[in-house]
file run-v3.pdb (PDB, C-alpha atoms)
ATOM      1  CA  MET A   1      69.251  61.658  75.899  1.00  0.00           C
ATOM      2  CA  THR A   2      71.952  62.524  78.406  1.00  0.00           C
ATOM      3  CA  SER A   3      74.537  59.815  78.923  1.00  0.00           C
ATOM      4  CA  ALA A   4      75.488  59.048  82.537  1.00  0.00           C
ATOM      5  CA  GLN A   5      78.877  57.879  81.259  1.00  0.00           C
ATOM      6  CA  ASP A   6      79.449  61.190  79.459  1.00  0.00           C
ATOM      7  CA  VAL A   7      78.640  63.126  82.642  1.00  0.00           C
ATOM      8  CA  HIS A   8      81.019  60.876  84.580  1.00  0.00           C
ATOM      9  CA  ASP A   9      83.816  61.362  82.048  1.00  0.00           C
ATOM     10  CA  GLN A  10      83.540  65.141  82.138  1.00  0.00           C
ATOM     11  CA  VAL A  11      83.437  65.326  85.942  1.00  0.00           C
ATOM     12  CA  TRP A  12      86.375  62.917  86.150  1.00  0.00           C
ATOM     13  CA  ALA A  13      88.410  65.091  83.753  1.00  0.00           C
ATOM     14  CA  LEU A  14      87.788  68.131  85.976  1.00  0.00           C
ATOM     15  CA  LEU A  15      88.714  66.267  89.167  1.00  0.00           C
ATOM     16  CA  ASP A  16      91.750  64.559  87.681  1.00  0.00           C
ATOM     17  CA  ALA A  17      93.144  67.971  86.676  1.00  0.00           C
ATOM     18  CA  VAL A  18      93.234  69.289  90.276  1.00  0.00           C
ATOM     19  CA  PRO A  19      96.908  69.930  91.090  1.00  0.00           C
ATOM     20  CA  GLY A  20      98.590  68.638  94.236  1.00  0.00           C
ATOM     21  CA  ILE A  21      96.250  65.763  95.030  1.00  0.00           C
ATOM     22  CA  ASN A  22      96.040  62.184  93.848  1.00  0.00           C
ATOM     23  CA  THR A  23      92.734  61.221  92.267  1.00  0.00           C
ATOM     24  CA  TYR A  24      90.928  57.901  92.059  1.00  0.00           C
ATOM     25  CA  ASP A  25      87.808  56.871  90.202  1.00  0.00           C
ATOM     26  CA  GLY A  26      85.787  54.843  92.702  1.00  0.00           C
ATOM     27  CA  GLU A  27      88.680  52.681  93.892  1.00  0.00           C
ATOM     28  CA  VAL A  28      91.715  53.471  96.002  1.00  0.00           C
ATOM     29  CA  PRO A  29      94.890  51.391  95.969  1.00  0.00           C
ATOM     30  CA  SER A  30      95.547  49.520  99.198  1.00  0.00           C
ATOM     31  CA  THR A  31      98.757  51.515  99.680  1.00  0.00           C
ATOM     32  CA  PRO A  32      98.231  55.099  98.488  1.00  0.00           C
ATOM     33  CA  PRO A  33     101.283  57.388  98.362  1.00  0.00           C
ATOM     34  CA  LEU A  34     102.599  58.799 101.637  1.00  0.00           C
ATOM     35  CA  ASP A  35     104.148  62.150 102.461  1.00  0.00           C
ATOM     36  CA  GLU A  36     107.579  62.457 104.102  1.00  0.00           C
ATOM     37  CA  ASP A  37     106.006  62.099 107.564  1.00  0.00           C
ATOM     38  CA  ASP A  38     104.572  58.671 106.601  1.00  0.00           C
ATOM     39  CA  ARG A  39     101.016  59.984 106.558  1.00  0.00           C
ATOM     40  CA  VAL A  40      98.777  59.545 103.530  1.00  0.00           C
ATOM     41  CA  HIS A  41      99.157  62.224 100.859  1.00  0.00           C
ATOM     42  CA  ALA A  42      95.918  64.081 100.088  1.00  0.00           C
ATOM     43  CA  TYR A  43      93.693  62.318  97.591  1.00  0.00           C
ATOM     44  CA  ALA A  44      90.164  62.526  96.239  1.00  0.00           C
ATOM     45  CA  VAL A  45      87.881  59.668  95.215  1.00  0.00           C
ATOM     46  CA  LEU A  46      85.058  60.222  92.724  1.00  0.00           C
ATOM     47  CA  TYR A  47      81.734  58.392  93.050  1.00  0.00           C
ATOM     48  CA  VAL A  48      79.255  59.418  90.340  1.00  0.00           C
ATOM     49  CA  SER A  49      75.535  58.731  90.455  1.00  0.00           C
ATOM     50  CA  ALA A  50      73.777  57.485  87.340  1.00  0.00           C
ATOM     51  CA  GLY A  51      71.200  60.193  88.055  1.00  0.00           C
ATOM     52  CA  ARG A  52      67.440  60.293  88.116  1.00  0.00           C
ATOM     53  CA  ARG A  53      65.397  60.983  85.006  1.00  0.00           C
ATOM     54  CA  ALA A  54      62.580  63.508  85.226  1.00  0.00           C
ATOM     55  CA  ALA A  55      59.875  64.858  82.942  1.00  0.00           C
ATOM     56  CA  LEU A  56      59.710  68.632  82.833  1.00  0.00           C
ATOM     57  CA  MET A  57      57.379  68.865  79.864  1.00  0.00           C
ATOM     58  CA  LEU A  58      53.683  68.021  79.730  1.00  0.00           C
ATOM     59  CA  ASP A  59      54.311  65.243  77.196  1.00  0.00           C
ATOM     60  CA  GLY A  60      55.912  63.166  79.971  1.00  0.00           C
ATOM     61  CA  THR A  61      59.204  62.617  78.162  1.00  0.00           C
ATOM     62  CA  GLN A  62      61.832  61.989  80.814  1.00  0.00           C
ATOM     63  CA  SER A  63      64.668  63.847  79.142  1.00  0.00           C
ATOM     64  CA  SER A  64      65.923  65.830  82.113  1.00  0.00           C
ATOM     65  CA  LEU A  65      68.532  64.430  84.468  1.00  0.00           C
ATOM     66  CA  PHE A  66      69.018  65.202  88.130  1.00  0.00           C
ATOM     67  CA  SER A  67      72.471  63.887  88.865  1.00  0.00           C
ATOM     68  CA  GLY A  68      75.038  64.178  91.554  1.00  0.00           C
ATOM     69  CA  PHE A  69      78.316  62.849  92.672  1.00  0.00           C
ATOM     70  CA  GLN A  70      80.421  62.509  95.760  1.00  0.00           C
ATOM     71  CA  VAL A  71      84.071  63.372  96.070  1.00  0.00           C
ATOM     72  CA  THR A  72      85.584  61.933  99.206  1.00  0.00           C
ATOM     73  CA  CYS A  73      88.618  63.975 100.194  1.00  0.00           C
ATOM     74  CA  VAL A  74      91.212  62.124 102.240  1.00  0.00           C
ATOM     75  CA  GLY A  75      94.463  62.919 103.974  1.00  0.00           C
ATOM     76  CA  GLY A  76      96.798  61.614 106.629  1.00  0.00           C
ATOM     77  CA  ASP A  77      95.443  64.179 109.086  1.00  0.00           C
ATOM     78  CA  PRO A  78      92.496  66.615 109.269  1.00  0.00           C
ATOM     79  CA  THR A  79      94.583  69.462 107.813  1.00  0.00           C
ATOM     80  CA  ARG A  80      95.384  67.487 104.652  1.00  0.00           C
ATOM     81  CA  ALA A  81      91.787  66.306 104.282  1.00  0.00           C
ATOM     82  CA  LEU A  82      90.424  69.853 104.565  1.00  0.00           C
ATOM     83  CA  TRP A  83      93.105  71.189 102.211  1.00  0.00           C
ATOM     84  CA  CYS A  84      91.958  68.561  99.710  1.00  0.00           C
ATOM     85  CA  VAL A  85      88.331  69.704 100.142  1.00  0.00           C
ATOM     86  CA  ASP A  86      89.368  73.287  99.393  1.00  0.00           C
ATOM     87  CA  GLN A  87      91.275  72.263  96.244  1.00  0.00           C
ATOM     88  CA  VAL A  88      88.415  70.134  94.946  1.00  0.00           C
ATOM     89  CA  ARG A  89      85.760  72.760  95.660  1.00  0.00           C
ATOM     90  CA  ALA A  90      87.830  75.440  93.920  1.00  0.00           C
ATOM     91  CA  ALA A  91      88.034  73.252  90.830  1.00  0.00           C
ATOM     92  CA  LEU A  92      84.474  71.919  90.695  1.00  0.00           C
ATOM     93  CA  LEU A  93      82.063  74.531  92.056  1.00  0.00           C
ATOM     94  CA  GLY A  94      80.842  76.617  89.158  1.00  0.00           C
ATOM     95  CA  ALA A  95      82.618  74.445  86.611  1.00  0.00           C
ATOM     96  CA  SER A  96      80.480  73.255  83.745  1.00  0.00           C
ATOM     97  CA  VAL A  97      79.610  70.003  82.058  1.00  0.00           C
ATOM     98  CA  THR A  98      78.595  70.211  78.403  1.00  0.00           C
ATOM     99  CA  VAL A  99      75.589  68.201  77.248  1.00  0.00           C
ATOM    100  CA  ASP A 100      73.893  68.729  73.872  1.00  0.00           C
ATOM    101  CA  ASP A 101      76.095  71.785  73.250  1.00  0.00           C
ATOM    102  CA  ARG A 102      74.813  73.456  76.439  1.00  0.00           C
ATOM    103  CA  GLU A 103      76.795  74.081  79.591  1.00  0.00           C
ATOM    104  CA  HIS A 104      75.416  72.983  82.955  1.00  0.00           C
ATOM    105  CA  LEU A 105      76.993  74.183  86.204  1.00  0.00           C
ATOM    106  CA  ILE A 106      78.137  71.987  89.043  1.00  0.00           C
ATOM    107  CA  THR A 107      76.750  73.196  92.366  1.00  0.00           C
ATOM    108  CA  ALA A 108      77.310  72.280  95.986  1.00  0.00           C
ATOM    109  CA  SER A 109      74.790  69.963  97.555  1.00  0.00           C
ATOM    110  CA  GLU A 110      72.592  71.631 100.149  1.00  0.00           C
ATOM    111  CA  THR A 111      73.617  69.105 102.776  1.00  0.00           C
ATOM    112  CA  ASP A 112      76.561  69.657 105.085  1.00  0.00           C
ATOM    113  CA  PRO A 113      79.120  66.864 104.670  1.00  0.00           C
ATOM    114  CA  GLY A 114      79.630  66.852 108.431  1.00  0.00           C
ATOM    115  CA  PRO A 115      82.877  66.750 110.351  1.00  0.00           C
ATOM    116  CA  VAL A 116      86.191  65.335 109.264  1.00  0.00           C
ATOM    117  CA  ARG A 117      86.111  61.636 110.114  1.00  0.00           C
ATOM    118  CA  ARG A 118      88.961  59.299 111.014  1.00  0.00           C
ATOM    119  CA  ASP A 119      89.265  55.819 109.527  1.00  0.00           C
ATOM    120  CA  ASP A 120      91.315  53.496 111.728  1.00  0.00           C
ATOM    121  CA  ASP A 121      90.426  50.408 109.670  1.00  0.00           C
ATOM    122  CA  VAL A 122      93.271  51.157 107.247  1.00  0.00           C
ATOM    123  CA  THR A 123      97.000  51.528 107.784  1.00  0.00           C
ATOM    124  CA  PRO A 124      98.084  54.199 108.143  1.00  0.00           C
ATOM    125  CA  PRO A 125      94.866  55.807 109.471  1.00  0.00           C
ATOM    126  CA  ARG A 126      93.214  58.440 107.311  1.00  0.00           C
ATOM    127  CA  HIS A 127      90.920  61.404 107.771  1.00  0.00           C
ATOM    128  CA  TYR A 128      88.192  62.062 105.231  1.00  0.00           C
ATOM    129  CA  VAL A 129      85.241  64.232 104.205  1.00  0.00           C
ATOM    130  CA  PRO A 130      82.541  62.917 101.809  1.00  0.00           C
ATOM    131  CA  ASP A 131      81.517  66.073  99.915  1.00  0.00           C
ATOM    132  CA  ARG A 132      78.460  66.011  97.599  1.00  0.00           C
ATOM    133  CA  TYR A 133      77.797  67.962  94.423  1.00  0.00           C
ATOM    134  CA  ASP A 134      74.664  68.385  92.291  1.00  0.00           C
ATOM    135  CA  LEU A 135      74.152  68.655  88.553  1.00  0.00           C
ATOM    136  CA  PHE A 136      70.826  69.367  86.857  1.00  0.00           C
ATOM    137  CA  ILE A 137      70.555  68.855  83.116  1.00  0.00           C
ATOM    138  CA  PRO A 138      67.140  69.991  81.823  1.00  0.00           C
TER     139      PRO A 138
END

call {"tool": "encode", "arguments": {"input": "run-v3.pdb", "output": "structure tokens"}}
result
Amino acid sequence: MTSAQDVHDQVWALLDAVPGINTYDGEVPSTPPLDEDDRVHAYAVLYVSAGRRAALMLDGTQSSLFSGFQVTCVGGDPTRALWCVDQVRAALLGASVTVDDREHLITASETDPGPVRRDDDVTPPRHYVPDRYDLFIP
């Protein structure tokens, strides 16, 4: 049976290898690194779903996994946040996760993540985009 932790670990390894951005696994330090202009350096935060089991065979065995994850891309301004999105998408879309010696491709979610948002509840303020990805493991 597919391990949610194994899927997480493989996705994290892909995200953590993206050059030029800081990466965090579900938690962000209260004072992330800043660029020279005192705005937050681009970073990405991974939030992985445990997935949903599904039966694809007539015997009812729920051995397939519909999973997904969110990568929230953040920057000190909209330009940095969107640059982060581009770097993360380039690294993840079409990348594969190996389960039971078979490769499964990461795809973009069919939902639009919406506009770049501004968070004024933190200092300094940040701009972010919560981008979703899908993974189907039959």

call {"tool": "closest_residue", "arguments": {"input": "run-v3.pdb", "among": "A:Ala50, A:Val11, A:Ala91, A:Val74", "to": "Leu34 in chain A", "atoms": "only C-alpha atoms"}}
result
A:Val74

call {"tool": "axis_aligned_box", "arguments": {"input": "run-v3.pdb", "around": "range 114-117 of chain A", "padding_each_side": "6 Å", "output": "JSON"}}
result
{"center_x": 82.9, "center_y": 64.2, "center_z": 109.4, "size_x": 18.6, "size_y": 17.2, "size_z": 13.9}

call {"tool": "residues_around", "arguments": {"input": "run-v3.pdb", "residues": "Asp6 in chain A", "least_positions_apart": "6", "cutoff": "10 Å", "atoms": "only C-alpha atoms", "output": "PyMOL selection string"}}
result
chain A and resi 12+97-99

call {"tool": "resolve_selection", "arguments": {"input": "run-v3.pdb", "expression": "the PyMOL selection byres ((chain A and resi 30) around 12)", "output": "PyMOL selection string"}}
result
chain A and resi 24+27-29+31-34+40+121-124

call {"tool": "residues_around", "arguments": {"input": "run-v3.pdb", "residues": "Ser49 in chain A", "least_positions_apart": "5", "cutoff": "10 Å", "atoms": "all atoms listed in the file", "output": "ChimeraX atom specification"}}
result
/A:4-5,7-8,66-70,134

call {"tool": "atom_distance", "arguments": {"input": "run-v3.pdb", "atom1": "CA of Glu110 in chain A", "atom2": "CA of Tyr47 in chain A"}}
result
17.6 Å

call {"tool": "decode", "arguments": {"input": "run-v3.pdb", "residues": "range 64-102 of chain A", "atoms": "N, CA and C atoms", "output": "PDB file, in the first residue's frame"}}
result
ATOM      1  N   SER A  64      -5.538   2.290  -4.571  1.00  0.00           N
ATOM      2  CA  SER A  64      -5.159   3.475  -5.329  1.00  0.00           C
ATOM      3  C   SER A  64      -5.200   4.695  -4.422  1.00  0.00           C
ATOM      4  N   LEU A  65      -4.407   5.692  -4.750  1.00  0.00           N
ATOM      5  CA  LEU A  65      -4.338   6.889  -3.920  1.00  0.00           C
ATOM      6  C   LEU A  65      -4.469   8.131  -4.801  1.00  0.00           C
ATOM      7  N   PHE A  66      -5.467   8.933  -4.499  1.00  0.00           N
ATOM      8  CA  PHE A  66      -5.588  10.253  -5.086  1.00  0.00           C
ATOM      9  C   PHE A  66      -4.994  11.207  -4.057  1.00  0.00           C
ATOM     10  N   SER A  67      -3.907  11.833  -4.401  1.00  0.00           N
ATOM     11  CA  SER A  67      -3.235  12.694  -3.443  1.00  0.00           C
ATOM     12  C   SER A  67      -2.995  14.056  -4.073  1.00  0.00           C
ATOM     13  N   GLY A  68      -2.629  14.968  -3.258  1.00  0.00           N
ATOM     14  CA  GLY A  68      -2.315  16.296  -3.745  1.00  0.00           C
ATOM     15  C   GLY A  68      -1.513  17.029  -2.700  1.00  0.00           C
ATOM     16  N   PHE A  69      -1.041  18.159  -3.101  1.00  0.00           N
ATOM     17  CA  PHE A  69      -0.303  18.978  -2.160  1.00  0.00           C
ATOM     18  C   PHE A  69      -0.372  20.422  -2.609  1.00  0.00           C
ATOM     19  N   GLN A  70      -0.103  21.287  -1.679  1.00  0.00           N
ATOM     20  CA  GLN A  70      -0.085  22.719  -1.951  1.00  0.00           C
ATOM     21  C   GLN A  70       1.328  23.224  -1.697  1.00  0.00           C
ATOM     22  N   VAL A  71       1.787  24.071  -2.591  1.00  0.00           N
ATOM     23  CA  VAL A  71       3.028  24.793  -2.371  1.00  0.00           C
ATOM     24  C   VAL A  71       2.661  26.270  -2.389  1.00  0.00           C
ATOM     25  N   THR A  72       2.794  26.902  -1.247  1.00  0.00           N
ATOM     26  CA  THR A  72       2.523  28.326  -1.164  1.00  0.00           C
ATOM     27  C   THR A  72       3.820  29.063  -1.439  1.00  0.00           C
ATOM     28  N   CYS A  73       3.809  29.849  -2.518  1.00  0.00           N
ATOM     29  CA  CYS A  73       4.985  30.616  -2.908  1.00  0.00           C
ATOM     30  C   CYS A  73       4.848  32.033  -2.370  1.00  0.00           C
ATOM     31  N   VAL A  74       5.908  32.518  -1.747  1.00  0.00           N
ATOM     32  CA  VAL A  74       5.867  33.777  -1.018  1.00  0.00           C
ATOM     33  C   VAL A  74       7.059  34.634  -1.413  1.00  0.00           C
ATOM     34  N   GLY A  75       6.835  35.936  -1.379  1.00  0.00           N
ATOM     35  CA  GLY A  75       7.928  36.879  -1.604  1.00  0.00           C
ATOM     36  C   GLY A  75       7.583  38.226  -1.007  1.00  0.00           C
ATOM     37  N   GLY A  76       8.575  39.085  -0.934  1.00  0.00           N
ATOM     38  CA  GLY A  76       8.385  40.407  -0.361  1.00  0.00           C
ATOM     39  C   GLY A  76       7.573  41.340  -1.222  1.00  0.00           C
ATOM     40  N   ASP A  77       7.316  40.947  -2.464  1.00  0.00           N
ATOM     41  CA  ASP A  77       6.472  41.719  -3.373  1.00  0.00           C
ATOM     42  C   ASP A  77       5.881  40.747  -4.391  1.00  0.00           C
ATOM     43  N   PRO A  78       4.911  41.190  -5.214  1.00  0.00           N
ATOM     44  CA  PRO A  78       4.297  40.273  -6.171  1.00  0.00           C
ATOM     45  C   PRO A  78       5.300  39.673  -7.163  1.00  0.00           C
ATOM     46  N   THR A  79       6.304  40.448  -7.557  1.00  0.00           N
ATOM     47  CA  THR A  79       7.293  39.943  -8.515  1.00  0.00           C
ATOM     48  C   THR A  79       8.038  38.743  -7.939  1.00  0.00           C
ATOM     49  N   ARG A  80       8.463  38.831  -6.700  1.00  0.00           N
ATOM     50  CA  ARG A  80       9.182  37.717  -6.065  1.00  0.00           C
ATOM     51  C   ARG A  80       8.264  36.510  -5.872  1.00  0.00           C
ATOM     52  N   ALA A  81       7.019  36.749  -5.509  1.00  0.00           N
ATOM     53  CA  ALA A  81       6.089  35.633  -5.318  1.00  0.00           C
ATOM     54  C   ALA A  81       5.845  34.905  -6.640  1.00  0.00           C
ATOM     55  N   LEU A  82       5.643  35.647  -7.716  1.00  0.00           N
ATOM     56  CA  LEU A  82       5.411  35.023  -9.018  1.00  0.00           C
ATOM     57  C   LEU A  82       6.663  34.345  -9.556  1.00  0.00           C
ATOM     58  N   TRP A  83       7.832  34.931  -9.294  1.00  0.00           N
ATOM     59  CA  TRP A  83       9.089  34.290  -9.684  1.00  0.00           C
ATOM     60  C   TRP A  83       9.217  32.950  -8.978  1.00  0.00           C
ATOM     61  N   CYS A  84       8.854  32.915  -7.694  1.00  0.00           N
ATOM     62  CA  CYS A  84       8.878  31.676  -6.926  1.00  0.00           C
ATOM     63  C   CYS A  84       7.931  30.642  -7.546  1.00  0.00           C
ATOM     64  N   VAL A  85       6.727  31.067  -7.914  1.00  0.00           N
ATOM     65  CA  VAL A  85       5.773  30.161  -8.572  1.00  0.00           C
ATOM     66  C   VAL A  85       6.403  29.549  -9.812  1.00  0.00           C
ATOM     67  N   ASP A  86       7.032  30.382 -10.630  1.00  0.00           N
ATOM     68  CA  ASP A  86       7.655  29.875 -11.866  1.00  0.00           C
ATOM     69  C   ASP A  86       8.748  28.855 -11.573  1.00  0.00           C
ATOM     70  N   GLN A  87       9.567  29.104 -10.556  1.00  0.00           N
ATOM     71  CA  GLN A  87      10.650  28.174 -10.209  1.00  0.00           C
ATOM     72  C   GLN A  87      10.083  26.847  -9.712  1.00  0.00           C
ATOM     73  N   VAL A  88       9.073  26.922  -8.871  1.00  0.00           N
ATOM     74  CA  VAL A  88       8.474  25.708  -8.317  1.00  0.00           C
ATOM     75  C   VAL A  88       7.772  24.911  -9.414  1.00  0.00           C
ATOM     76  N   ARG A  89       7.005  25.576 -10.252  1.00  0.00           N
ATOM     77  CA  ARG A  89       6.320  24.858 -11.332  1.00  0.00           C
ATOM     78  C   ARG A  89       7.309  24.181 -12.267  1.00  0.00           C
ATOM     79  N   ALA A  90       8.401  24.866 -12.584  1.00  0.00           N
ATOM     80  CA  ALA A  90       9.412  24.283 -13.478  1.00  0.00           C
ATOM     81  C   ALA A  90      10.002  23.005 -12.872  1.00  0.00           C
ATOM     82  N   ALA A  91      10.128  22.984 -11.569  1.00  0.00           N
ATOM     83  CA  ALA A  91      10.720  21.825 -10.903  1.00  0.00           C
ATOM     84  C   ALA A  91       9.729  20.686 -10.683  1.00  0.00           C
ATOM     85  N   LEU A  92       8.468  21.004 -10.434  1.00  0.00           N
ATOM     86  CA  LEU A  92       7.515  19.970 -10.033  1.00  0.00           C
ATOM     87  C   LEU A  92       6.642  19.421 -11.152  1.00  0.00           C
ATOM     88  N   LEU A  93       6.173  20.284 -12.048  1.00  0.00           N
ATOM     89  CA  LEU A  93       5.249  19.802 -13.086  1.00  0.00           C
ATOM     90  C   LEU A  93       5.952  18.816 -14.011  1.00  0.00           C
ATOM     91  N   GLY A  94       5.402  17.633 -14.090  1.00  0.00           N
ATOM     92  CA  GLY A  94       5.999  16.591 -14.923  1.00  0.00           C
ATOM     93  C   GLY A  94       7.067  15.783 -14.219  1.00  0.00           C
ATOM     94  N   ALA A  95       7.448  16.196 -13.016  1.00  0.00           N
ATOM     95  CA  ALA A  95       8.384  15.397 -12.231  1.00  0.00           C
ATOM     96  C   ALA A  95       7.657  14.145 -11.755  1.00  0.00           C
ATOM     97  N   SER A  96       8.413  13.142 -11.368  1.00  0.00           N
ATOM     98  CA  SER A  96       7.759  11.901 -10.967  1.00  0.00           C
ATOM     99  C   SER A  96       8.077  11.526  -9.533  1.00  0.00           C
ATOM    100  N   VAL A  97       7.141  10.771  -8.977  1.00  0.00           N
ATOM    101  CA  VAL A  97       7.275  10.159  -7.665  1.00  0.00           C
ATOM    102  C   VAL A  97       7.250   8.660  -7.916  1.00  0.00           C
ATOM    103  N   THR A  98       8.159   7.929  -7.306  1.00  0.00           N
ATOM    104  CA  THR A  98       8.243   6.487  -7.530  1.00  0.00           C
ATOM    105  C   THR A  98       7.573   5.738  -6.389  1.00  0.00           C
ATOM    106  N   VAL A  99       6.601   4.912  -6.750  1.00  0.00           N
ATOM    107  CA  VAL A  99       5.893   4.066  -5.792  1.00  0.00           C
ATOM    108  C   VAL A  99       5.806   2.679  -6.398  1.00  0.00           C
ATOM    109  N   ASP A 100       6.213   1.672  -5.634  1.00  0.00           N
ATOM    110  CA  ASP A 100       6.198   0.275  -6.096  1.00  0.00           C
ATOM    111  C   ASP A 100       6.912   0.127  -7.438  1.00  0.00           C
ATOM    112  N   ASP A 101       8.061   0.773  -7.541  1.00  0.00           N
ATOM    113  CA  ASP A 101       8.919   0.711  -8.738  1.00  0.00           C
ATOM    114  C   ASP A 101       8.255   1.274  -9.995  1.00  0.00           C
ATOM    115  N   ARG A 102       7.203   2.074  -9.822  1.00  0.00           N
ATOM    116  CA  ARG A 102       6.552   2.732 -10.956  1.00  0.00           C
ATOM    117  C   ARG A 102       6.575   4.230 -10.733  1.00  0.00           C
TER     118      ARG A 102
END
